[in-house]
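Student: structure_32.txt is reproduced below (compact mmCIF, C-alpha atoms (C1' of nucleotides)).
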```txt
# COMPACT_ATOMS: atom_id res chain seq x y z
CA MET A 1 309.94 255.65 -0.30
CA ILE A 2 309.60 256.03 3.42
CA THR A 3 310.61 252.91 5.31
CA ASP A 4 308.77 251.44 8.25
CA ALA A 5 311.71 252.32 10.48
CA GLU A 6 311.44 255.96 9.43
CA VAL A 7 307.72 256.05 10.17
CA ASP A 8 308.48 254.47 13.54
CA ARG A 9 310.88 257.28 14.31
CA LEU A 10 308.55 259.97 13.03
CA PHE A 11 305.68 258.84 15.24
CA HIS A 12 308.01 258.34 18.14
CA ALA A 13 309.29 261.89 17.73
CA LEU A 14 305.70 263.14 17.92
CA ALA A 15 304.76 260.94 20.87
CA ASP A 16 306.07 263.39 23.45
CA ALA A 17 304.23 266.53 24.55
CA THR A 18 307.44 268.52 25.08
CA ARG A 19 308.64 267.70 21.57
CA ARG A 20 305.29 268.63 20.05
CA ASP A 21 305.43 271.94 21.93
CA ILE A 22 308.97 272.62 20.71
CA LEU A 23 307.79 271.87 17.18
CA ARG A 24 304.88 274.30 17.59
CA ARG A 25 307.26 277.05 18.68
CA ALA A 26 309.75 276.27 15.92
CA VAL A 27 306.96 276.66 13.38
CA GLN A 28 306.03 280.08 14.70
CA GLY A 29 309.52 281.49 14.79
CA GLU A 30 313.18 280.94 15.42
CA PHE A 31 314.36 280.12 18.90
CA SER A 32 317.79 279.26 20.20
CA VAL A 33 318.03 276.02 22.13
CA SER A 34 318.71 277.87 25.37
CA ARG A 35 315.67 280.08 24.78
CA LEU A 36 313.55 276.98 24.30
CA ALA A 37 315.09 275.36 27.37
CA GLU A 38 313.84 278.25 29.52
CA ALA A 39 310.28 277.26 28.70
CA TYR A 40 310.38 273.78 30.19
CA PRO A 41 310.88 272.44 33.70
CA MET A 42 313.88 270.34 32.79
CA SER A 43 317.58 270.72 32.20
CA PHE A 44 319.12 272.33 29.16
CA ALA A 45 320.59 268.97 28.14
CA ALA A 46 317.16 267.33 28.24
CA VAL A 47 315.71 269.96 25.89
CA GLN A 48 318.77 269.58 23.71
CA LYS A 49 317.98 265.87 23.38
CA HIS A 50 314.37 266.57 22.45
CA VAL A 51 315.50 268.99 19.74
CA ALA A 52 317.94 266.35 18.49
CA VAL A 53 315.11 263.84 18.14
CA LEU A 54 313.02 266.29 16.12
CA GLU A 55 316.05 267.15 14.02
CA SER A 56 316.90 263.51 13.34
CA VAL A 57 313.55 262.93 11.67
CA GLY A 58 313.73 266.21 9.75
CA LEU A 59 310.90 268.02 11.53
CA VAL A 60 313.27 270.76 12.62
CA THR A 61 316.57 272.21 11.44
CA LYS A 62 319.22 274.28 13.15
CA GLN A 63 320.94 277.35 11.77
CA ARG A 64 323.84 279.22 13.25
CA ARG A 65 323.40 282.90 14.05
CA GLY A 66 326.26 284.33 16.01
CA ARG A 67 326.94 281.97 18.85
CA GLU A 68 323.39 280.72 18.96
CA LEU A 69 321.85 277.84 17.06
CA LEU A 70 318.36 278.75 15.95
CA VAL A 71 315.83 275.96 15.86
CA THR A 72 313.37 276.44 13.07
CA SER A 73 310.89 274.53 11.01
CA ASP A 74 309.24 274.90 7.64
CA ARG A 75 305.89 276.52 8.23
CA ASP A 76 304.15 275.16 5.13
CA VAL A 77 305.24 271.61 5.66
CA VAL A 78 304.43 271.48 9.34
CA ASP A 79 301.14 273.29 8.84
CA ARG A 80 300.09 270.53 6.48
CA ALA A 81 301.28 267.98 8.98
CA ARG A 82 299.41 269.71 11.78
CA ARG A 83 296.18 269.70 9.79
CA ALA A 84 296.66 266.02 9.03
CA LEU A 85 297.19 265.33 12.70
CA ASP A 86 294.11 267.31 13.69
CA GLU A 87 292.13 265.07 11.38
CA LEU A 88 293.71 262.07 12.98
CA ALA A 89 292.85 263.35 16.43
CA GLU A 90 289.23 263.88 15.37
CA ALA A 91 289.03 260.40 13.91
CA TRP A 92 290.53 258.96 17.04
CA LYS A 93 288.10 260.83 19.28
CA GLY A 94 285.24 259.32 17.28
CA ARG A 95 286.70 255.90 17.74
CA VAL A 96 286.93 256.30 21.47
CA GLN A 97 283.31 257.42 21.58
CA ARG A 98 282.22 254.30 19.72
CA MET A 99 284.16 252.21 22.19
CA ALA A 100 282.45 253.89 25.10
CA ASP A 101 279.10 253.20 23.44
CA LEU A 102 279.95 249.55 23.04
CA LEU A 103 280.91 249.30 26.68
CA ASP A 104 277.60 250.85 27.69
CA GLU A 105 275.68 248.37 25.58
CA GLY A 106 277.20 245.60 27.65
CA HIS A 107 275.06 246.60 30.67
CA MET B 1 289.11 267.33 24.89
CA ILE B 2 292.03 265.09 24.14
CA THR B 3 294.82 265.48 26.66
CA ASP B 4 298.50 265.62 25.85
CA ALA B 5 298.98 262.29 27.58
CA GLU B 6 296.37 260.70 25.30
CA VAL B 7 298.05 262.08 22.20
CA ASP B 8 301.34 260.74 23.54
CA ARG B 9 299.83 257.28 23.79
CA LEU B 10 298.15 257.50 20.40
CA PHE B 11 301.39 258.35 18.62
CA HIS B 12 303.26 255.82 20.63
CA ALA B 13 300.76 253.16 19.61
CA LEU B 14 301.37 254.04 15.96
CA ALA B 15 305.16 254.20 16.32
CA ASP B 16 305.62 250.47 15.79
CA ALA B 17 305.51 248.74 12.42
CA THR B 18 303.95 245.56 13.82
CA ARG B 19 301.15 247.53 15.46
CA ARG B 20 300.50 249.51 12.28
CA ASP B 21 300.31 246.23 10.37
CA ILE B 22 297.89 244.74 12.89
CA LEU B 23 295.77 247.87 12.55
CA ARG B 24 295.77 247.56 8.76
CA ARG B 25 294.55 243.97 9.02
CA ALA B 26 291.96 244.86 11.62
CA VAL B 27 290.55 247.48 9.28
CA GLN B 28 290.23 245.01 6.43
CA GLY B 29 288.51 242.31 8.43
CA GLU B 30 288.16 240.46 11.68
CA PHE B 31 291.00 238.32 12.94
CA SER B 32 291.42 236.39 16.16
CA VAL B 33 294.51 237.23 18.16
CA SER B 34 295.99 233.80 17.47
CA ARG B 35 295.36 234.23 13.74
CA LEU B 36 297.17 237.56 13.85
CA ALA B 37 299.98 236.01 15.87
CA GLU B 38 300.68 233.52 13.07
CA ALA B 39 301.59 236.43 10.80
CA TYR B 40 304.52 237.72 12.84
CA PRO B 41 307.86 236.24 13.84
CA MET B 42 307.24 236.62 17.54
CA SER B 43 305.41 234.89 20.34
CA PHE B 44 301.67 234.88 20.81
CA ALA B 45 302.09 236.88 24.03
CA ALA B 46 304.06 239.58 22.21
CA VAL B 47 301.29 240.02 19.62
CA GLN B 48 298.78 240.02 22.44
CA LYS B 49 300.62 242.95 23.98
CA HIS B 50 300.65 244.86 20.71
CA VAL B 51 296.91 244.36 20.35
CA ALA B 52 296.46 245.55 23.93
CA VAL B 53 298.31 248.77 23.14
CA LEU B 54 296.10 249.44 20.13
CA GLU B 55 293.02 248.62 22.18
CA SER B 56 294.04 250.89 25.05
CA VAL B 57 294.00 253.92 22.76
CA GLY B 58 290.77 252.88 21.07
CA LEU B 59 292.16 252.10 17.64
CA VAL B 60 290.93 248.53 17.89
CA THR B 61 288.24 246.65 19.75
CA LYS B 62 287.75 243.01 20.59
CA GLN B 63 284.56 241.02 20.19
CA ARG B 64 283.89 237.48 21.31
CA ARG B 65 282.87 234.89 18.73
CA GLY B 66 282.90 231.36 20.04
CA ARG B 67 286.10 230.92 21.92
CA GLU B 68 287.95 233.42 19.82
CA LEU B 69 288.31 237.13 20.38
CA LEU B 70 288.05 238.95 17.09
CA VAL B 71 290.17 242.04 16.71
CA THR B 72 288.43 244.62 14.61
CA SER B 73 288.53 248.29 13.85
CA ASP B 74 286.16 250.87 12.49
CA ARG B 75 286.87 251.20 8.79
CA ASP B 76 285.58 254.76 8.36
CA VAL B 77 287.44 256.16 11.30
CA VAL B 78 290.72 254.48 10.51
CA ASP B 79 290.43 255.29 6.82
CA ARG B 80 290.22 258.96 7.73
CA ALA B 81 293.16 258.53 10.06
CA ARG B 82 295.13 256.72 7.38
CA ARG B 83 294.51 259.50 4.88
CA ALA B 84 295.60 262.07 7.46
CA LEU B 85 298.75 260.08 8.07
CA ASP B 86 299.48 259.80 4.37
CA GLU B 87 299.35 263.57 4.20
CA LEU B 88 301.69 263.76 7.13
CA ALA B 89 304.08 261.33 5.47
CA GLU B 90 304.05 263.43 2.30
CA ALA B 91 304.72 266.60 4.24
CA TRP B 92 307.48 264.90 6.13
CA LYS B 93 309.09 263.59 2.96
CA GLY B 94 309.18 267.16 1.62
CA ARG B 95 310.81 268.32 4.82
CA VAL B 96 313.53 265.72 4.55
CA GLN B 97 314.17 266.76 0.97
CA ARG B 98 314.67 270.36 2.03
CA MET B 99 317.06 269.22 4.70
CA ALA B 100 319.06 267.23 2.17
CA ASP B 101 319.19 270.34 -0.04
CA LEU B 102 320.48 272.43 2.84
CA LEU B 103 323.17 269.87 3.53
CA ASP B 104 324.21 269.92 -0.10
CA GLU B 105 324.46 273.70 -0.08
CA GLY B 106 327.00 273.37 2.68
CA HIS B 107 329.59 271.91 0.29
C1' DC C 1 283.24 215.39 31.81
C1' DT C 2 287.29 215.98 29.77
C1' DA C 3 290.46 217.29 26.31
C1' DA C 4 291.86 220.92 23.40
C1' DC C 5 291.91 225.53 21.89
C1' DG C 6 292.16 230.52 22.58
C1' DT C 7 293.24 233.87 25.68
C1' DA C 8 294.93 236.23 29.93
C1' DC C 9 298.43 237.28 32.93
C1' DA C 10 302.70 237.19 35.66
C1' DA C 11 307.67 236.99 36.01
C1' DC C 12 311.61 237.87 33.91
C1' DC C 13 315.26 240.07 30.71
C1' DA C 14 317.78 243.21 27.45
C1' DA C 15 317.61 247.40 25.30
C1' DA C 16 315.87 252.00 24.73
C1' DT C 17 313.97 256.38 26.80
C1' DG C 18 313.98 260.51 29.37
C1' DG C 19 316.03 262.56 32.66
C1' DT C 20 320.27 264.13 35.41
C1' DT C 21 325.23 266.31 36.09
C1' DG C 22 329.72 267.38 34.57
C1' DT C 23 333.15 268.55 31.18
C1' DA C 24 334.69 270.20 26.67
C1' DT C 25 334.22 273.07 22.61
C1' DC C 26 333.36 277.07 19.92
C1' DA C 27 332.20 281.82 18.84
C1' DA C 28 331.81 286.61 20.38
C1' DT C 29 333.03 290.26 23.36
C1' DC C 30 335.96 292.91 26.35
C1' DG D 1 343.95 286.36 24.63
C1' DA D 2 340.93 285.62 28.49
C1' DT D 3 336.20 285.41 29.70
C1' DT D 4 331.62 284.50 28.90
C1' DG D 5 327.58 282.57 26.65
C1' DA D 6 325.60 278.79 23.83
C1' DT D 7 326.04 274.35 22.59
C1' DA D 8 327.83 269.54 22.37
C1' DC D 9 328.63 265.32 24.40
C1' DA D 10 329.58 261.59 27.70
C1' DA D 11 328.48 259.02 31.83
C1' DC D 12 325.15 257.68 34.68
C1' DC D 13 320.42 256.32 36.56
C1' DA D 14 315.38 254.93 36.88
C1' DT D 15 311.68 253.57 34.20
C1' DT D 16 309.48 251.79 30.22
C1' DT D 17 309.34 248.82 26.22
C1' DG D 18 309.27 244.78 23.53
C1' DG D 19 310.32 240.52 23.79
C1' DT D 20 310.48 235.79 26.15
C1' DT D 21 308.44 231.53 28.81
C1' DG D 22 305.28 229.45 31.91
C1' DT D 23 300.93 228.94 34.11
C1' DA D 24 296.02 229.56 34.82
C1' DC D 25 291.40 230.44 33.10
C1' DG D 26 287.23 230.06 29.91
C1' DT D 27 284.87 228.05 26.28
C1' DT D 28 283.78 224.70 22.96
C1' DA D 29 283.88 220.07 20.95
C1' DG D 30 283.99 215.06 21.53
```
Now that the file is in, can you turn its structure into structure tokens?
Tutor:
Amino acid sequence: MITDAEVDRLFHALADATRRDILRRAVQGEFSVSRLAEAYPMSFAAVQKHVAVLESVGLVTKQRRGRELLVTSDRDVVDRARRALDELAEAWKGRVQRMADLLDEGH
Amino acid sequence: MITDAEVDRLFHALADATRRDILRRAVQGEFSVSRLAEAYPMSFAAVQKHVAVLESVGLVTKQRRGRELLVTSDRDVVDRARRALDELAEAWKGRVQRMADLLDEGH
DNA sequence: CTAACGTACAACCAAATGGTTGTATCAATC
DNA sequence: GATTGATACAACCATTTGGTTGTACGTTAG
């Protein structure tokens, strides 16, 4: 069973655009942390922390190759997750629309 | 189009067990904020803030009835979202399992 | 009209978040 | 074995978060 605290941490991990982008890249291939760090306008340590958050909830794993640590993610699993999230986004968009409609009715 | 910032806020809204519980109740029926507040071991103002977070991302709306404000949510939309999230949870659980396996292999 | 209920909102606080820089470690290369 | 590249980790800082209490505002019931 997944505990509430775990769901908290999962959603929290996904509630950051940089982390979602790292996850996207990790699904498409294997990148060292320093390679990933080049892609974002922040320090290496900051990216390292983001990777750690993703790793702590199991969305990403690290594997040693030479002196690099490759960040990777299971394509099947995350693809399913991505599709689920797309659905969520769609549902949410609909909700916002209904809200806007309600606000208009007020006038 | 949904912006990154909006997705950030959506996930953040869902990354709290109390807020998810409020959302669940709001899907099942209409509850005034004070009625909701009775259900949690925290102050009325704290629950008020949680509702405000859900409202700000459109997961919940408020409607006046008498002197109460009823918190409600669109059942269809949130049902779809819930199903999407269940899928995500399943996918995530699988991911964690694979991680555990990898850790075991290490020994 | 006034008392009581439901809500809003501000001020405040402790803890967590997201970022920084600096130092240490560890593996490969020369 | 010394140097270099990749990573880890700690200390620090500003901001946000989740909680508190207190006060003010609407709305309804007597």
Student: Hand me chain A as it sits after a least-squares fit onto chain B over every Cα, paired in order, written as a compact mmCIF listing (two decimals) with C-alpha atoms, in the frame of the given file.
Tutor:
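What ended up in selection-v5.txt:
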```
# COMPACT_ATOMS: atom_id res chain seq x y z
CA MET A 1 289.19 267.41 24.76
CA ILE A 2 292.10 265.14 24.06
CA THR A 3 294.88 265.50 26.60
CA ASP A 4 298.56 265.62 25.82
CA ALA A 5 299.00 262.28 27.56
CA GLU A 6 296.40 260.72 25.26
CA VAL A 7 298.12 262.09 22.16
CA ASP A 8 301.39 260.73 23.52
CA ARG A 9 299.85 257.29 23.77
CA LEU A 10 298.19 257.50 20.38
CA PHE A 11 301.43 258.35 18.60
CA HIS A 12 303.29 255.79 20.62
CA ALA A 13 300.78 253.14 19.59
CA LEU A 14 301.42 254.04 15.95
CA ALA A 15 305.20 254.16 16.32
CA ASP A 16 305.63 250.43 15.80
CA ALA A 17 305.51 248.71 12.41
CA THR A 18 303.94 245.53 13.81
CA ARG A 19 301.15 247.52 15.45
CA ARG A 20 300.50 249.50 12.28
CA ASP A 21 300.30 246.23 10.35
CA ILE A 22 297.87 244.74 12.88
CA LEU A 23 295.77 247.89 12.55
CA ARG A 24 295.79 247.56 8.76
CA ARG A 25 294.54 243.99 9.01
CA ALA A 26 291.93 244.86 11.62
CA VAL A 27 290.56 247.51 9.28
CA GLN A 28 290.19 245.03 6.45
CA GLY A 29 288.46 242.34 8.44
CA GLU A 30 288.11 240.48 11.68
CA PHE A 31 290.96 238.36 12.93
CA SER A 32 291.37 236.42 16.13
CA VAL A 33 294.48 237.22 18.12
CA SER A 34 295.95 233.80 17.41
CA ARG A 35 295.31 234.26 13.69
CA LEU A 36 297.14 237.57 13.82
CA ALA A 37 299.95 236.02 15.85
CA GLU A 38 300.62 233.54 13.03
CA ALA A 39 301.57 236.43 10.78
CA TYR A 40 304.49 237.71 12.82
CA PRO A 41 307.83 236.24 13.82
CA MET A 42 307.22 236.61 17.53
CA SER A 43 305.40 234.87 20.32
CA PHE A 44 301.66 234.87 20.79
CA ALA A 45 302.08 236.86 24.00
CA ALA A 46 304.05 239.56 22.19
CA VAL A 47 301.29 240.00 19.60
CA GLN A 48 298.77 240.00 22.41
CA LYS A 49 300.62 242.94 23.97
CA HIS A 50 300.64 244.85 20.69
CA VAL A 51 296.88 244.35 20.33
CA ALA A 52 296.45 245.54 23.92
CA VAL A 53 298.31 248.76 23.13
CA LEU A 54 296.10 249.44 20.11
CA GLU A 55 293.03 248.62 22.17
CA SER A 56 294.05 250.90 25.03
CA VAL A 57 294.04 253.93 22.75
CA GLY A 58 290.79 252.89 21.08
CA LEU A 59 292.19 252.11 17.63
CA VAL A 60 290.95 248.54 17.88
CA THR A 61 288.24 246.67 19.76
CA LYS A 62 287.75 243.02 20.59
CA GLN A 63 284.56 241.03 20.26
CA ARG A 64 283.90 237.52 21.42
CA ARG A 65 282.83 234.94 18.86
CA GLY A 66 282.80 231.44 20.23
CA ARG A 67 286.06 230.92 22.01
CA GLU A 68 287.89 233.43 19.87
CA LEU A 69 288.29 237.14 20.42
CA LEU A 70 288.02 238.97 17.12
CA VAL A 71 290.14 242.06 16.72
CA THR A 72 288.42 244.63 14.60
CA SER A 73 288.50 248.29 13.83
CA ASP A 74 286.11 250.87 12.47
CA ARG A 75 286.81 251.17 8.78
CA ASP A 76 285.54 254.73 8.34
CA VAL A 77 287.42 256.13 11.27
CA VAL A 78 290.70 254.44 10.49
CA ASP A 79 290.41 255.24 6.80
CA ARG A 80 290.23 258.90 7.70
CA ALA A 81 293.16 258.45 10.02
CA ARG A 82 295.12 256.64 7.35
CA ARG A 83 294.53 259.43 4.85
CA ALA A 84 295.62 261.97 7.44
CA LEU A 85 298.76 259.98 8.07
CA ASP A 86 299.52 259.68 4.37
CA GLU A 87 299.41 263.46 4.21
CA LEU A 88 301.71 263.62 7.16
CA ALA A 89 304.12 261.21 5.53
CA GLU A 90 304.12 263.31 2.35
CA ALA A 91 304.76 266.48 4.31
CA TRP A 92 307.54 264.79 6.19
CA LYS A 93 309.16 263.50 3.01
CA GLY A 94 309.20 267.07 1.70
CA ARG A 95 310.84 268.24 4.86
CA VAL A 96 313.57 265.67 4.61
CA GLN A 97 314.23 266.70 1.02
CA ARG A 98 314.64 270.32 2.07
CA MET A 99 317.08 269.22 4.73
CA ALA A 100 319.11 267.29 2.20
CA ASP A 101 319.16 270.39 -0.01
CA LEU A 102 320.41 272.51 2.84
CA LEU A 103 323.17 270.04 3.57
CA ASP A 104 324.24 270.12 -0.07
CA GLU A 105 324.39 273.90 -0.05
CA GLY A 106 326.97 273.67 2.69
CA HIS A 107 329.57 272.33 0.21
```
Student: Using all atoms listed in the file, determine which residues lie at most 9 Å from stretch 8-15 of chain C, disregarding the query and same-chain residues fewer than 2 positions distant; provide the list as a ChimeraX atom specification.
Tutor: /D:17-25
Student: Determine, for each residue of stretch 1-100 of chain A having at least one atom at most 12 Å from an atom of stretch 3-13 of chain D, the closest pair of atoms and their separation in Å to one decimal, counting only C-alpha atoms (C1' of nucleotides); order by chain and ascending number, as CSV.
Tutor:
```
residue,atom,partner,partner_atom,distance
A:Ser32,CA,D:DA6,C1',8.6
A:Val33,CA,D:DT7,C1',8.2
A:Ser34,CA,D:DA6,C1',7.1
A:Arg35,CA,D:DA6,C1',10.1
A:Ala37,CA,D:DA6,C1',11.6
A:Phe44,CA,D:DT7,C1',9.8
A:Ala45,CA,D:DA8,C1',9.3
A:Val47,CA,D:DT7,C1',11.7
A:Gln48,CA,D:DT7,C1',8.8
A:Lys49,CA,D:DA8,C1',10.6
A:Ala52,CA,D:DA8,C1',11.1
A:Lys62,CA,D:DT7,C1',11.6
A:Arg64,CA,D:DA6,C1',10.7
A:Arg65,CA,D:DA6,C1',10.8
A:Gly66,CA,D:DA6,C1',9.6
A:Arg67,CA,D:DA6,C1',6.1
A:Glu68,CA,D:DA6,C1',5.7
A:Leu69,CA,D:DT7,C1',7.8
A:Leu70,CA,D:DA6,C1',10.7
```
Student: With C-alpha atoms retained, write the just-selected residues as a PDB file, keeping the file's coordinate frame.
Tutor:
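Writing the result to result10.pdb gives the following:
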```pdb
ATOM      1  CA  SER A  32     317.790 279.260  20.200  1.00  0.00           C
ATOM      2  CA  VAL A  33     318.030 276.020  22.130  1.00  0.00           C
ATOM      3  CA  SER A  34     318.710 277.870  25.370  1.00  0.00           C
ATOM      4  CA  ARG A  35     315.670 280.080  24.780  1.00  0.00           C
ATOM      5  CA  ALA A  37     315.090 275.360  27.370  1.00  0.00           C
ATOM      6  CA  PHE A  44     319.120 272.330  29.160  1.00  0.00           C
ATOM      7  CA  ALA A  45     320.590 268.970  28.140  1.00  0.00           C
ATOM      8  CA  VAL A  47     315.710 269.960  25.890  1.00  0.00           C
ATOM      9  CA  GLN A  48     318.770 269.580  23.710  1.00  0.00           C
ATOM     10  CA  LYS A  49     317.980 265.870  23.380  1.00  0.00           C
ATOM     11  CA  ALA A  52     317.940 266.350  18.490  1.00  0.00           C
ATOM     12  CA  LYS A  62     319.220 274.280  13.150  1.00  0.00           C
ATOM     13  CA  ARG A  64     323.840 279.220  13.250  1.00  0.00           C
ATOM     14  CA  ARG A  65     323.400 282.900  14.050  1.00  0.00           C
ATOM     15  CA  GLY A  66     326.260 284.330  16.010  1.00  0.00           C
ATOM     16  CA  ARG A  67     326.940 281.970  18.850  1.00  0.00           C
ATOM     17  CA  GLU A  68     323.390 280.720  18.960  1.00  0.00           C
ATOM     18  CA  LEU A  69     321.850 277.840  17.060  1.00  0.00           C
ATOM     19  CA  LEU A  70     318.360 278.750  15.950  1.00  0.00           C
TER      20      LEU A  70
END
```
Student: Which is closer to B:Ala17 than all the others in B:Thr3, B:His50, B:Asp74, B:Ser43, using only C-alpha atoms?
Tutor: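 Nearest to B:Ala17: B:His50.
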Student: Take atom C1' of C:DC5 and atom CA of B:Thr72 and report the distance between them in Å, one decimal.
Tutor: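 Those two atoms sit 20.7 Å apart.
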Student: Around (314.3, 261.1, 30.9) in the file's frame, which residues reach within 9 Å when counting only C-alpha atoms (C1' of nucleotides)? Return as a JSON list (two decimals) with C-alpha atoms (C1' of nucleotides), in the frame of the given file?
Tutor:
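out.json, written as the output of this step:
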```json
[["chain", "number", "residue", "atom", "x", "y", "z"],
["A", 46, "ALA", "CA", 317.16, 267.33, 28.24],
["C", 17, "DT", "C1'", 313.97, 256.38, 26.80],
["C", 18, "DG", "C1'", 313.98, 260.51, 29.37],
["C", 19, "DG", "C1'", 316.03, 262.56, 32.66],
["C", 20, "DT", "C1'", 320.27, 264.13, 35.41],
["D", 14, "DA", "C1'", 315.38, 254.93, 36.88],
["D", 15, "DT", "C1'", 311.68, 253.57, 34.20]]
```
Student: Report, as JSON, the axis-aligned box around all atoms of stretch 15-20 of chain B present in the file, extended by 5 Å on each side; give centre and edge lengths in Å to one decimal place.
Tutor:
```
{"center_x": 303.1, "center_y": 249.9, "center_z": 14.3, "size_x": 15.1, "size_y": 18.6, "size_z": 14.0}
```
Student: Just to confirm, what's the straight-line distance from atom CA of B:Gly29 to atom CA of A:Ile2 in Å (one decimal)?
Tutor: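 Computing it gives 25.7 Å between the two atoms.
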Student: Tell me, in Å to one decimal, how far atom CA of B:Val77 is from atom CA of B:Leu10.
Tutor: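 Between atom CA of B:Val77 and atom CA of B:Leu10 the gap is 14.1 Å.
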Student: Could you check which of B:Thr61, B:Pro41, B:Leu88, B:Ala26 is closest to chain D, using only C-alpha atoms (C1' of nucleotides)?
Tutor: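 Using only C-alpha atoms (C1' of nucleotides), the shortest distance to chain D belongs to B:Pro41.
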Student: Compile the residues of chain A that lie within 10 Å of chain B, evaluated using all atoms listed in the file, and express the compilation as a ChimeraX atom specification.
Tutor: /A:1-18,20,55-61,73-74,76-100,102
Student: Just checking: using all atoms listed in the file, which residue out of B:Met42, B:Val51, B:Val71, B:Gln28 ends up closest to chain D?
Tutor: B:Met42
